[in-house]
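Pasting input32.pdb here (PDB, C-alpha atoms, pLDDT in the B column):
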```pdb
ATOM      1  CA  MET A  29       0.407  97.034  14.667  1.00 50.00           C
ATOM      2  CA  ALA A  30       0.758  93.862  12.659  1.00 56.00           C
ATOM      3  CA  GLU A  31       3.107  93.776   9.726  1.00 61.00           C
ATOM      4  CA  PRO A  32       1.433  93.959   6.296  1.00 60.00           C
ATOM      5  CA  MET A  33       0.980  90.626   4.602  1.00 70.00           C
ATOM      6  CA  SER A  34       2.004  89.866   1.058  1.00 74.00           C
ATOM      7  CA  GLU A  35      -0.449  90.566  -1.722  1.00 73.00           C
ATOM      8  CA  THR A  36      -0.778  86.875  -2.509  1.00 78.00           C
ATOM      9  CA  GLU A  37      -1.439  85.975   1.118  1.00 82.00           C
ATOM     10  CA  ALA A  38      -3.962  88.799   1.528  1.00 79.00           C
ATOM     11  CA  VAL A  39      -5.925  87.759  -1.551  1.00 81.00           C
ATOM     12  CA  ALA A  40      -5.847  84.075  -0.571  1.00 87.00           C
ATOM     13  CA  ARG A  41      -7.070  84.799   2.982  1.00 89.00           C
ATOM     14  CA  LEU A  42      -9.844  87.065   1.756  1.00 89.00           C
ATOM     15  CA  ASP A  43     -10.873  84.480  -0.850  1.00 91.00           C
ATOM     16  CA  ASP A  44     -11.085  81.784   1.850  1.00 94.00           C
ATOM     17  CA  LEU A  45     -12.990  84.109   4.159  1.00 94.00           C
ATOM     18  CA  LEU A  46     -15.568  84.896   1.458  1.00 94.00           C
ATOM     19  CA  ASP A  47     -16.052  81.157   0.831  1.00 96.00           C
ATOM     20  CA  ARG A  48     -16.598  80.533   4.562  1.00 95.00           C
ATOM     21  CA  GLU A  49     -19.030  83.457   4.687  1.00 95.00           C
ATOM     22  CA  ARG A  50     -21.038  82.006   1.779  1.00 95.00           C
ATOM     23  CA  LEU A  51     -21.228  78.606   3.444  1.00 95.00           C
ATOM     24  CA  ALA A  52     -22.370  80.127   6.748  1.00 94.00           C
ATOM     25  CA  LEU A  53     -25.059  82.155   4.939  1.00 93.00           C
ATOM     26  CA  ILE A  54     -26.328  79.121   3.030  1.00 93.00           C
ATOM     27  CA  GLN A  55     -26.428  77.029   6.212  1.00 93.00           C
ATOM     28  CA  GLY A  56     -28.130  79.796   8.186  1.00 89.00           C
ATOM     29  CA  GLU A  57     -25.340  80.024  10.749  1.00 90.00           C
ATOM     30  CA  LEU A  58     -25.874  83.692  11.536  1.00 86.00           C
ATOM     31  CA  SER A  59     -23.688  83.587  14.660  1.00 89.00           C
ATOM     32  CA  VAL A  60     -20.734  82.630  12.455  1.00 92.00           C
ATOM     33  CA  ILE A  61     -21.405  85.648  10.213  1.00 90.00           C
ATOM     34  CA  ALA A  62     -20.583  88.056  13.067  1.00 88.00           C
ATOM     35  CA  THR A  63     -17.218  86.383  13.628  1.00 91.00           C
ATOM     36  CA  ILE A  64     -16.461  86.385   9.914  1.00 92.00           C
ATOM     37  CA  LEU A  65     -17.346  90.080   9.715  1.00 90.00           C
ATOM     38  CA  GLU A  66     -14.813  90.851  12.455  1.00 90.00           C
ATOM     39  CA  GLU A  67     -12.172  88.804  10.629  1.00 89.00           C
ATOM     40  CA  LYS A  68     -12.994  90.492   7.341  1.00 88.00           C
ATOM     41  CA  GLU A  69     -12.694  93.982   8.841  1.00 87.00           C
ATOM     42  CA  ALA A  70      -9.352  93.117  10.455  1.00 83.00           C
ATOM     43  CA  LEU A  71      -8.069  91.603   7.215  1.00 82.00           C
ATOM     44  CA  LEU A  72      -9.162  94.568   5.107  1.00 79.00           C
ATOM     45  CA  GLU A  73      -7.354  96.932   7.479  1.00 77.00           C
ATOM     46  CA  ARG A  74      -4.145  94.948   6.998  1.00 73.00           C
ATOM     47  CA  LEU A  75      -4.334  94.647   3.236  1.00 69.00           C
ATOM     48  CA  PRO A  76      -1.468  96.322   1.462  1.00 63.00           C
ATOM     49  CA  GLU A  77      -2.068  98.580  -1.501  1.00 65.00           C
ATOM     50  CA  LEU A  78      -2.569  96.079  -4.279  1.00 60.00           C
ATOM     51  CA  ASP A  79      -0.740  97.165  -7.379  1.00 61.00           C
ATOM     52  CA  GLY A  80       1.072  93.993  -8.334  1.00 61.00           C
ATOM     53  CA  PRO A  81      -0.068  90.708  -9.855  1.00 61.00           C
ATOM     54  CA  ALA A  82      -2.637  90.150  -7.072  1.00 59.00           C
ATOM     55  CA  ARG A  83      -4.657  93.093  -8.363  1.00 64.00           C
ATOM     56  CA  GLY A  84      -5.994  90.888 -11.148  1.00 67.00           C
ATOM     57  CA  ASN A  85      -7.615  88.607  -8.559  1.00 70.00           C
ATOM     58  CA  LEU A  86      -9.712  91.455  -7.176  1.00 76.00           C
ATOM     59  CA  ALA A  87     -12.431  90.912  -9.805  1.00 78.00           C
ATOM     60  CA  SER A  88     -12.931  87.368  -8.541  1.00 82.00           C
ATOM     61  CA  LEU A  89     -13.064  88.586  -4.933  1.00 86.00           C
ATOM     62  CA  GLN A  90     -15.508  91.324  -5.882  1.00 87.00           C
ATOM     63  CA  GLY A  91     -17.768  88.744  -7.536  1.00 91.00           C
ATOM     64  CA  LYS A  92     -17.726  86.620  -4.392  1.00 93.00           C
ATOM     65  CA  ALA A  93     -18.389  89.640  -2.185  1.00 91.00           C
ATOM     66  CA  LEU A  94     -21.377  90.662  -4.347  1.00 95.00           C
ATOM     67  CA  ARG A  95     -22.732  87.093  -4.275  1.00 96.00           C
ATOM     68  CA  ASN A  96     -22.425  87.012  -0.482  1.00 94.00           C
ATOM     69  CA  GLN A  97     -24.118  90.398  -0.192  1.00 94.00           C
ATOM     70  CA  ALA A  98     -27.087  89.057  -2.173  1.00 96.00           C
ATOM     71  CA  LEU A  99     -27.265  86.040   0.162  1.00 94.00           C
ATOM     72  CA  LEU A 100     -27.063  88.292   3.209  1.00 93.00           C
ATOM     73  CA  ASP A 101     -29.822  90.535   1.818  1.00 95.00           C
ATOM     74  CA  SER A 102     -32.011  87.452   1.323  1.00 93.00           C
ATOM     75  CA  ALA A 103     -31.327  86.290   4.881  1.00 90.00           C
ATOM     76  CA  LEU A 104     -32.282  89.706   6.231  1.00 91.00           C
ATOM     77  CA  ARG A 105     -35.505  89.699   4.204  1.00 95.00           C
ATOM     78  CA  GLY A 106     -36.313  86.274   5.648  1.00 92.00           C
ATOM     79  CA  ILE A 107     -35.658  87.450   9.197  1.00 91.00           C
ATOM     80  CA  ARG A 108     -37.864  90.506   8.669  1.00 95.00           C
ATOM     81  CA  SER A 109     -40.600  88.300   7.232  1.00 96.00           C
ATOM     82  CA  VAL A 110     -40.523  86.024  10.274  1.00 94.00           C
ATOM     83  CA  ALA A 111     -40.550  89.018  12.628  1.00 95.00           C
ATOM     84  CA  ASN A 112     -43.571  90.465  10.789  1.00 95.00           C
ATOM     85  CA  ARG A 113     -45.347  87.108  10.961  1.00 94.00           C
ATOM     86  CA  PHE A 114     -44.757  86.874  14.731  1.00 93.00           C
ATOM     87  CA  ALA A 115     -46.051  90.428  15.169  1.00 91.00           C
ATOM     88  CA  THR A 116     -49.187  89.505  13.219  1.00 86.00           C
ATOM     89  CA  LEU A 117     -49.717  86.396  15.337  1.00 86.00           C
ATOM     90  CA  ARG A 118     -49.341  88.435  18.543  1.00 85.00           C
ATOM     91  CA  ARG A 119     -51.844  90.989  17.257  1.00 80.00           C
ATOM     92  CA  ILE A 120     -54.319  88.253  16.296  1.00 78.00           C
ATOM     93  CA  ARG A 121     -54.125  86.738  19.778  1.00 79.00           C
ATOM     94  CA  LYS A 122     -54.868  90.111  21.381  1.00 80.00           C
ATOM     95  CA  SER A 123     -57.959  90.981  19.343  1.00 78.00           C
ATOM     96  CA  LEU A 124     -60.487  89.808  16.816  1.00 77.00           C
ATOM     97  CA  GLU A 125     -60.848  91.947  13.699  1.00 80.00           C
ATOM     98  CA  THR A 126     -63.969  91.895  11.578  1.00 84.00           C
ATOM     99  CA  TYR A 127     -65.350  93.955   8.691  1.00 87.00           C
ATOM    100  CA  ASP A 128     -68.863  95.358   8.507  1.00 87.00           C
ATOM    101  CA  GLU A 129     -71.059  95.604   5.405  1.00 89.00           C
ATOM    102  CA  PHE A 130     -69.332  98.892   4.490  1.00 90.00           C
ATOM    103  CA  GLY A 131     -65.830  97.395   4.599  1.00 90.00           C
ATOM    104  CA  GLN A 132     -64.896  99.144   7.856  1.00 91.00           C
ATOM    105  CA  LYS A 133     -62.627  97.179  10.149  1.00 87.00           C
ATOM    106  CA  THR A 134     -63.626  96.736  13.792  1.00 85.00           C
ATOM    107  CA  ALA A 135     -61.339  95.238  16.414  1.00 80.00           C
ATOM    108  CA  PHE A 136     -62.659  93.466  19.496  1.00 78.00           C
ATOM    109  CA  PRO A 137     -60.225  92.852  22.366  1.00 79.00           C
ATOM    110  CA  ALA A 138     -59.658  89.191  23.149  1.00 71.00           C
ATOM    111  CA  SER A 139     -60.896  87.867  26.460  1.00 66.00           C
ATOM    112  CA  GLU A 140     -58.481  87.108  29.289  1.00 61.00           C
ATOM    113  CA  ASN A 141     -58.453  83.381  28.580  1.00 60.00           C
ATOM    114  CA  ASN A 142     -58.674  83.762  24.767  1.00 54.00           C
ATOM    115  CA  GLN A 143     -61.621  81.375  24.519  1.00 59.00           C
ATOM    116  CA  VAL A 144     -64.607  81.782  22.258  1.00 56.00           C
ATOM    117  CA  GLU A 145     -67.975  81.849  24.015  1.00 60.00           C
ATOM    118  CA  LYS A 146     -70.226  79.058  22.771  1.00 62.00           C
ATOM    119  CA  ARG A 147     -73.998  79.463  22.854  1.00 70.00           C
ATOM    120  CA  ALA A 148     -76.579  76.852  22.127  1.00 64.00           C
TER     121      ALA A 148
END
```

For this file, produce the structure as structure tokens.
Amino acid sequence: MAEPMSETEAVARLDDLLDRERLALIQGELSVIATILEEKEALLERLPELDGPARGNLASLQGKALRNQALLDSALRGIRSVANRFATLRRIRKSLETYDEFGQKTAFPASENNQVEKRA
């Protein structure tokens, strides 16, 4: 097992990591987020019990962590929105939905070649 790092070093590394995480979230580099998460977990496991002067810096780190969590939540909402939109587009391509005079929805399966029949 690795030797515990100093409080100052632990806080500085975590601070840097949170800044890199924020930048990756803003730039949409989701593949980088996975790597940062692994680094963050490893760093948090190695953190010593903070009871010295570095403890005062925890409020700043907590603020950054909360900010990053809000960014991550927004990214996840965006991903879900895109996934829902793709599902809707797939459903639209597979059938045509109409409403009758009573407001009841009726779905008609799309033809094999997805072309509309034209009549003169």

At a cut-off of 9 Å from (-24.0, 86.3, 0.8) in the coordinates of the file, what residues are picked up using all atoms listed in the file, written as a list in words?
Leu46, Glu49, Arg50, Leu51, Ala52, Leu53, Ile54, Lys92, Ala93, Leu94, Arg95, Asn96, Gln97, Ala98, Leu99, Leu100, Asp101, Ser102 and Ala103 of chain A

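Considering the residues A:Ser59, A:Gln90, A:Arg113, A:Ile64 and counting only C-alpha atoms, Leu45 of chain A has its shortest atom-to-atom contact with A:Ile64.
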
Rounded to one decimal, what separation in Å do you get between atom CA of Arg48 of chain A and atom CA of Glu66 of chain A?
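Spanning atom CA of Arg48 of chain A to atom CA of Glu66 of chain A is a straight-line distance of 13.1 Å.
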
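Using only C-alpha atoms for every distance, the candidate list A:Arg105, A:Arg74, A:Leu65, A:Gly56 yields A:Arg74 as the residue closest to Glu37 of chain A.
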
Please provide as a PyMOL selection string all residues within 10 Å of segment 117-121 of chain A, with the sequence filter that same-chain residues fewer than 3 positions apart are discarded (counting only C-alpha atoms).
chain A and resi 111-114+124-125+135+137-139+142

Å distance separating atom CA of Lys68 of chain A from atom CA of Leu42 of chain A, one decimal place:
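Spanning atom CA of Lys68 of chain A to atom CA of Leu42 of chain A is a straight-line distance of 7.3 Å.
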
Name the closest residue to Ala38 of chain A among the candidates A:Val110, A:Leu72, A:Ala115, A:Leu104; distances are taken between atoms, counting all atoms listed in the file.
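Comparing A:Val110, A:Leu72, A:Ala115, A:Leu104 against Ala38 of chain A, the winner is A:Leu72.
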
Counting all atoms listed in the file, figure out which residue out of A:Gly106, A:Lys122, A:Leu86, A:Tyr127 gets nearest to Asp43 of chain A.
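Once distances to Asp43 of chain A are computed over all atoms listed in the file, the minimum belongs to A:Leu86.
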
A:Thr134, A:Arg147, A:Asn85, A:Glu67 ranked by distance to Thr36 of chain A, top pick (using all atoms listed in the file)
A:Asn85

If you measure from atom CA of Ala87 of chain A to atom CA of Leu58 of chain A, what distance in Å do you get, rounded to one decimal?
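Computed distance, atom CA of Ala87 of chain A to atom CA of Leu58 of chain A, equals 26.2 Å.
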
Could you give me the centre and size, in Å to one decimal, of an axis-aligned box around all listed atoms of segment 83-101 of chain A with 5 Å added on every side, as JSON?
```
{"center_x": -17.2, "center_y": 89.6, "center_z": -4.0, "size_x": 35.2, "size_y": 17.1, "size_z": 24.4}
```

Go through A:Arg108, A:Asp44, A:Glu129, A:Thr63 one by one, measure the shortest atom-to-atom distance of each to Ser88 of chain A using all atoms listed in the file, and give the residue with the smallest value.
A:Asp44
